[in-house]
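As provided, protein.txt (compact mmCIF, C-alpha atoms) reads as follows.
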# COMPACT_ATOMS: atom_id res chain seq x y z
CA MET A 204 20.33 54.63 7.36
CA ALA A 205 20.55 51.76 9.84
CA ALA A 206 20.23 48.18 8.66
CA PRO A 207 17.37 46.07 9.99
CA PRO A 208 18.20 43.24 12.39
CA ALA A 209 20.29 40.75 10.42
CA ALA A 210 18.38 37.71 9.17
CA VAL A 211 21.41 35.48 9.71
CA PRO A 212 24.15 35.23 12.37
CA PRO A 213 27.13 37.61 12.35
CA ARG A 214 29.52 36.89 9.49
CA PRO A 215 32.05 34.90 11.60
CA ALA A 216 29.29 32.55 12.77
CA CYS A 217 27.92 31.75 9.30
CA ALA A 218 28.73 28.49 7.53
CA TYR A 219 31.52 29.41 5.10
CA SER A 220 33.88 27.61 2.76
CA SER A 221 36.16 29.62 0.45
CA CYS A 222 35.23 29.26 -3.25
CA TYR A 223 31.96 27.46 -2.47
CA CYS A 224 29.77 30.58 -2.58
CA GLU A 225 26.79 28.67 -4.01
CA GLU A 226 26.76 26.43 -0.93
CA ASN A 227 27.42 29.32 1.47
CA VAL A 228 24.29 31.05 0.16
CA TRP A 229 22.31 27.77 0.30
CA LYS A 230 23.27 27.52 3.98
CA LEU A 231 22.13 31.11 4.60
CA CYS A 232 18.77 30.30 2.97
CA ASP A 233 18.48 27.15 5.08
CA TYR A 234 19.15 29.12 8.26
CA ILE A 235 16.51 31.72 7.39
CA ARG A 236 14.01 28.95 6.67
CA SER A 237 14.73 27.38 10.06
CA GLN A 238 14.14 30.66 11.90
CA GLY A 239 10.92 31.64 10.14
CA GLN A 240 11.58 35.37 10.50
CA PRO A 241 11.97 37.35 8.36
CA PRO A 242 9.92 35.38 5.82
CA LEU A 243 11.96 33.24 3.44
CA GLU A 244 9.83 34.65 0.59
CA GLU A 245 11.74 37.94 0.90
CA PHE A 246 15.08 36.33 -0.07
CA TYR A 247 16.69 35.39 -3.38
CA ALA A 248 19.86 33.54 -4.37
CA VAL A 249 21.64 35.69 -6.95
CA PHE A 250 24.16 34.18 -9.39
CA VAL A 251 26.47 36.66 -11.15
CA SER A 252 28.11 35.38 -14.34
CA ASN A 253 28.04 35.71 -18.13
CA GLU A 254 28.49 33.63 -21.27
CA ARG A 255 32.28 33.71 -20.95
CA ARG A 256 32.24 33.16 -17.20
CA MET A 257 34.39 36.23 -16.58
CA VAL A 258 32.77 38.68 -14.16
CA PRO A 259 34.70 41.36 -12.26
CA LEU A 260 33.64 42.27 -8.74
CA TRP A 261 35.21 44.85 -6.49
CA LYS A 262 35.54 44.93 -2.69
CA GLN A 263 36.19 41.19 -2.48
CA LYS A 264 38.35 39.76 0.31
CA SER A 265 40.64 38.12 -2.24
CA GLY A 266 41.16 41.39 -4.13
CA HIS A 267 44.22 43.61 -3.99
CA GLY A 268 43.75 47.31 -3.42
CA ASP A 269 41.15 48.72 -5.79
CA GLN A 270 41.56 45.91 -8.32
CA PRO A 271 38.55 43.70 -9.06
CA VAL A 272 38.50 39.94 -8.70
CA VAL A 273 37.39 38.24 -11.93
CA TRP A 274 35.26 35.24 -10.97
CA ASP A 275 33.78 32.62 -13.30
CA TYR A 276 30.66 33.16 -11.21
CA HIS A 277 29.72 34.47 -7.79
CA VAL A 278 26.66 33.95 -5.60
CA ILE A 279 25.15 36.39 -3.14
CA LEU A 280 21.88 36.63 -1.20
CA LEU A 281 19.36 39.42 -1.85
CA HIS A 282 16.86 40.49 0.80
CA VAL A 283 13.95 42.35 -0.78
CA SER A 284 12.95 44.11 2.40
CA SER A 285 9.60 45.59 3.22
CA GLY A 286 11.52 48.56 4.62
CA GLU A 287 13.08 51.50 2.85
CA GLN A 288 15.94 49.62 1.22
CA ASN A 289 17.04 46.17 0.12
CA PHE A 290 20.15 44.34 1.33
CA ILE A 291 22.88 42.08 -0.02
CA TYR A 292 24.55 39.33 2.01
CA ASP A 293 27.98 38.47 0.57
CA LEU A 294 30.33 36.40 2.72
CA ASP A 295 33.27 37.19 0.39
CA THR A 296 33.10 40.98 0.50
CA VAL A 297 34.88 43.51 2.70
CA LEU A 298 31.70 45.60 2.66
CA PRO A 299 29.22 45.42 5.57
CA PHE A 300 27.20 42.24 6.17
CA PRO A 301 24.43 42.80 5.30
CA CYS A 302 25.16 45.67 2.92
CA PRO A 303 22.54 48.14 1.64
CA PHE A 304 21.77 47.26 -1.97
CA GLU A 305 22.74 50.67 -3.31
CA VAL A 306 26.10 50.63 -1.53
CA TYR A 307 26.90 47.14 -2.80
CA SER A 308 25.86 48.11 -6.33
CA VAL A 309 28.13 51.14 -6.44
CA GLU A 310 31.09 49.64 -4.57
CA ALA A 311 31.10 45.98 -5.70
CA PHE A 312 29.27 45.91 -9.05
CA ARG A 313 30.20 49.39 -10.25
CA SER A 314 29.15 49.80 -13.88
CA ASP A 315 29.33 47.75 -17.07
CA ASP A 316 29.78 51.00 -19.01
CA SER A 317 33.55 51.11 -18.39
CA LEU A 318 34.08 47.39 -19.10
CA PRO A 319 34.67 45.55 -22.40
CA PRO A 320 31.56 43.62 -23.47
CA GLU A 321 33.06 40.24 -22.54
CA PHE A 322 33.09 41.36 -18.90
CA HIS A 323 29.50 42.62 -18.74
CA ARG A 324 27.66 40.95 -15.87
CA LYS A 325 24.38 39.09 -15.97
CA ILE A 326 22.21 38.01 -13.07
CA ARG A 327 20.20 34.86 -12.41
CA MET A 328 17.85 35.37 -9.49
CA ILE A 329 16.11 32.43 -7.80
CA ARG A 330 13.63 32.55 -4.92
CA ALA A 331 15.27 31.17 -1.79
CA ASP A 332 12.62 28.49 -1.27
CA LEU A 333 13.05 27.29 -4.86
CA TYR A 334 16.83 27.33 -4.49
CA LEU A 335 16.60 25.12 -1.41
CA LYS A 336 14.36 22.66 -3.28
CA THR A 337 16.27 22.46 -6.55
CA PHE A 338 20.01 23.17 -6.11
CA ALA A 339 22.43 20.23 -6.07
CA SER A 340 26.23 19.97 -6.29
CA ASP A 341 28.59 17.02 -6.11
CA ARG A 342 31.51 19.51 -5.95
CA SER A 343 33.18 17.90 -8.95
CA HIS A 344 33.84 21.35 -10.44
CA MET A 345 36.34 21.96 -7.61
CA LYS A 346 38.57 19.00 -8.50
CA ASP A 347 41.52 19.25 -10.87
CA ALA A 348 42.37 16.81 -13.67
CA ASN A 349 43.98 14.47 -11.13
CA GLY A 350 40.93 14.43 -8.88
CA LYS A 351 42.52 16.62 -6.20
CA TRP A 352 40.59 19.40 -4.51
CA GLN A 353 41.48 22.89 -5.71
CA LYS A 354 40.02 24.22 -2.46
CA PRO A 355 39.07 22.16 0.62
CA PRO A 356 35.38 21.18 0.42
CA PRO A 357 32.84 21.96 3.16
CA SER A 358 32.75 19.46 6.01
CA TYR A 359 29.03 18.68 5.63
CA PRO A 360 27.68 16.26 2.97
CA CYS A 361 27.11 17.39 -0.62
CA ILE A 362 23.80 19.15 -1.24
CA GLU A 363 21.49 17.06 -3.41
CA THR A 364 17.84 16.60 -4.29
CA ALA A 365 15.79 13.53 -5.10
CA GLU A 366 16.12 14.39 -8.78
CA SER A 367 19.69 15.64 -9.04
CA LYS A 368 23.15 15.45 -7.52
CA MET A 369 24.76 18.06 -9.79
CA ASN A 370 22.99 20.93 -11.54
CA LEU A 371 25.28 23.85 -10.70
CA ASP A 372 25.82 24.67 -14.38
CA ASP A 373 22.08 25.30 -14.81
CA PHE A 374 22.32 28.04 -12.18
CA ILE A 375 25.53 29.56 -13.56
CA SER A 376 24.09 29.60 -17.08
CA MET A 377 22.67 32.94 -18.16
CA ASN A 378 20.45 31.33 -20.78
CA PRO A 379 16.91 32.17 -19.60
CA LYS A 380 15.62 28.95 -21.20
CA VAL A 381 17.77 26.88 -18.80
CA GLY A 382 17.30 26.23 -15.11
CA TRP A 383 15.29 28.17 -12.56
CA GLY A 384 14.60 31.80 -11.76
CA SER A 385 14.87 34.92 -13.90
CA VAL A 386 17.84 36.31 -15.85
CA PHE A 387 18.63 40.05 -15.99
CA SER A 388 21.32 42.29 -17.33
CA LEU A 389 23.19 43.98 -14.49
CA PRO A 390 21.69 47.46 -15.20
CA ASP A 391 18.17 46.02 -15.23
CA PHE A 392 18.79 44.16 -11.98
CA VAL A 393 20.18 47.25 -10.26
CA HIS A 394 17.35 49.45 -11.51
CA ARG A 395 14.77 46.93 -10.34
CA PHE A 396 15.99 46.69 -6.75
CA SER A 397 17.48 50.10 -6.02
CA ARG A 398 15.25 52.19 -3.80
CA GLN A 399 17.31 55.35 -4.29
CA THR A 400 17.18 56.46 -7.90
CA ASP A 401 20.36 58.56 -7.76
CA TYR A 402 22.39 55.36 -7.25
CA SER A 403 20.65 53.39 -9.98
CA TYR A 404 20.93 56.23 -12.48
CA SER A 405 24.62 56.73 -11.83
CA LEU A 406 25.29 53.01 -12.18
CA GLU A 407 23.47 52.85 -15.50
CA GLY A 408 25.44 55.77 -16.86
CA GLN A 409 22.42 58.01 -17.29
Hey, can you dump this file as structure tokens for me?
Amino acid sequence: MAAPPAAVPPRPACAYSSCYCEENVWKLCDYIRSQGQPPLEEFYAVFVSNERRMVPLWKQKSGHGDQPVVWDYHVILLHVSSGEQNFIYDLDTVLPFPCPFEVYSVEAFRSDDSLPPEFHRKIRMIRADLYLKTFASDRSHMKDANGKWQKPPPSYPCIETAESKMNLDDFISMNPKVGWGSVFSLPDFVHRFSRQTDYSYSLEGQ
């Protein structure tokens, strides 16, 4: 099934900084807002993490062969399309950009069933407009004990709001009483947004 016209530029033309996925997704949301079509209301920032901040993802550029990359957290963009399927935008994957939700679920998420409990993934999902209004980062989490950058920061200024200059931890947290948006288990998230039940059932081990 063909993807709809991409809501953002081709992957090489998108704002991208390695290991700053939360800002890469913020920039995607900002671009969509500036274009006005498709509606920003159809998009969600999606944080993947858990209490131990150990979440495996497959099909990542930094992976080796069929081995997963274990991130402390990762951020992707979900397009809840009015068409026949939803799409994931992930600037760190080797999968298509955008990628049909079901394909991303099977190839990148796979299933929690085969993983020890400490690696089970949770999802925090925030409307794109709310993410643009509330997210702030001073990038301090990317500095080592000596104040040196672990990865080069983006060239543009830090993202901040009138109320906050650093609230990244509130987005990474999977405590539903903290921060913005809604928190799901991975199986619940996949079941909610899969349009093809054979994929969602296989991923949930049913």
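Among A:Asp315, A:Asp233, A:Glu245, A:Glu310, the residue with the shortest atom-to-atom distance to Asp391 in chain A, counting all atoms listed in the file, is A:Asp315.
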- Polymer residues at most 7 Å from (18.3, 25.6, -12.5) by all atoms listed in the file, as a ChimeraX atom specification: /A:370,373-374,381-383
- Task: Excluding Leu389 in chain A and any residue of its chain fewer than 4 positions from it, enumerate the residues within 10 Å of it, using all atoms listed in the file, and give them as a ChimeraX atom specification.
- Result: /A:251-252,308,312-315,323-327,393-395,406-407
- Task: Point out the residue among A:Ser343, A:Asn227, A:Ser367, A:Ser376 with the least atom-to-atom distance to Tyr276 in chain A, counting all atoms listed in the file.
- Result: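 Residue with the minimum atom-to-atom distance to Tyr276 in chain A: A:Ser376.
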- Nearest candidate to Glu366 in chain A (options A:His277, A:Phe387, A:Lys380, A:Ser340; using all atoms listed in the file): A:Ser340
Considering all atoms listed in the file, tabulate each residue of range 213-245 of chain A that lies at most 10 Å from range 329-339 of chain A along with its nearest interatomic pair and the corresponding distance in Å to one decimal; arrange the rows by chain and ascending residue number and present them as JSON lines.
{"residue": "A:Glu225", "atom": "CA", "partner": "A:Phe338", "partner_atom": "CA", "distance": 9.0}
{"residue": "A:Glu226", "atom": "CA", "partner": "A:Phe338", "partner_atom": "CA", "distance": 9.1}
{"residue": "A:Val228", "atom": "CA", "partner": "A:Ala331", "partner_atom": "CA", "distance": 9.2}
{"residue": "A:Trp229", "atom": "CA", "partner": "A:Leu335", "partner_atom": "CA", "distance": 6.5}
{"residue": "A:Lys230", "atom": "CA", "partner": "A:Leu335", "partner_atom": "CA", "distance": 8.9}
{"residue": "A:Leu231", "atom": "CA", "partner": "A:Ala331", "partner_atom": "CA", "distance": 9.4}
{"residue": "A:Cys232", "atom": "CA", "partner": "A:Ala331", "partner_atom": "CA", "distance": 6.0}
{"residue": "A:Asp233", "atom": "CA", "partner": "A:Leu335", "partner_atom": "CA", "distance": 7.1}
{"residue": "A:Ile235", "atom": "CA", "partner": "A:Ala331", "partner_atom": "CA", "distance": 9.3}
{"residue": "A:Arg236", "atom": "CA", "partner": "A:Asp332", "partner_atom": "CA", "distance": 8.1}
{"residue": "A:Leu243", "atom": "CA", "partner": "A:Ala331", "partner_atom": "CA", "distance": 6.5}
{"residue": "A:Glu244", "atom": "CA", "partner": "A:Ala331", "partner_atom": "CA", "distance": 6.9}
{"residue": "A:Glu245", "atom": "CA", "partner": "A:Ala331", "partner_atom": "CA", "distance": 8.1}
Quick one: contact table of range 216-295 of chain A to range 347-354 of chain A, 9 Å max, nearest atom pair and distance in Å to one decimal per residue, counting all atoms listed in the file, chain and number order, as JSON lines?
{"residue": "A:Ser220", "atom": "CA", "partner": "A:Lys354", "partner_atom": "CA", "distance": 8.7}
{"residue": "A:Ser221", "atom": "CA", "partner": "A:Lys354", "partner_atom": "CA", "distance": 7.2}
{"residue": "A:Cys222", "atom": "CA", "partner": "A:Lys354", "partner_atom": "CA", "distance": 7.0}
{"residue": "A:Tyr223", "atom": "CA", "partner": "A:Lys354", "partner_atom": "CA", "distance": 8.7}
- Message: as a list of chain:residue names, please: the residues near Tyr307 in chain A (cut-off 10 Å, only C-alpha atoms, same-chain neighbours under 4 positions excluded).
- Response: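 Listed by chain and then number, they are A:Trp261, A:Lys262, A:Phe290, A:Ile291, A:Tyr292, A:Asp293, A:Thr296, A:Leu298, A:Pro299, A:Pro301, A:Cys302, A:Pro303, A:Ala311, A:Phe312, A:Arg313.
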- Which of these residues is nearest to Gln263 in chain A, using all atoms listed in the file: A:Met377, A:Ser385, A:Leu294, A:Asn289?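 Using all atoms listed in the file, Gln263 in chain A sits closest to A:Leu294.
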- Task: Give me, please, the distance in Å between CA of Asn378 in chain A and CA of Val306 in chain A, quoted to one decimal.
- Result: 27.8 Å
- Task: Could you tell me which of A:Ile362, A:Met345, A:Met328, A:Val211 comes closest to Pro379 in chain A if we count all atoms listed in the file?
- Result: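 Counting all atoms listed in the file, the residue closest to Pro379 in chain A is A:Met328.
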- Query: Of the residues A:Val297, A:Met257, A:Val309, A:Val249, which is the one nearest to Val278 in chain A, using all atoms listed in the file?
  - Reply: A:Val249
- For CA of Leu371 in chain A and CA of Leu281 in chain A, the interatomic separation in Å (one decimal):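 The value is 18.9 Å.
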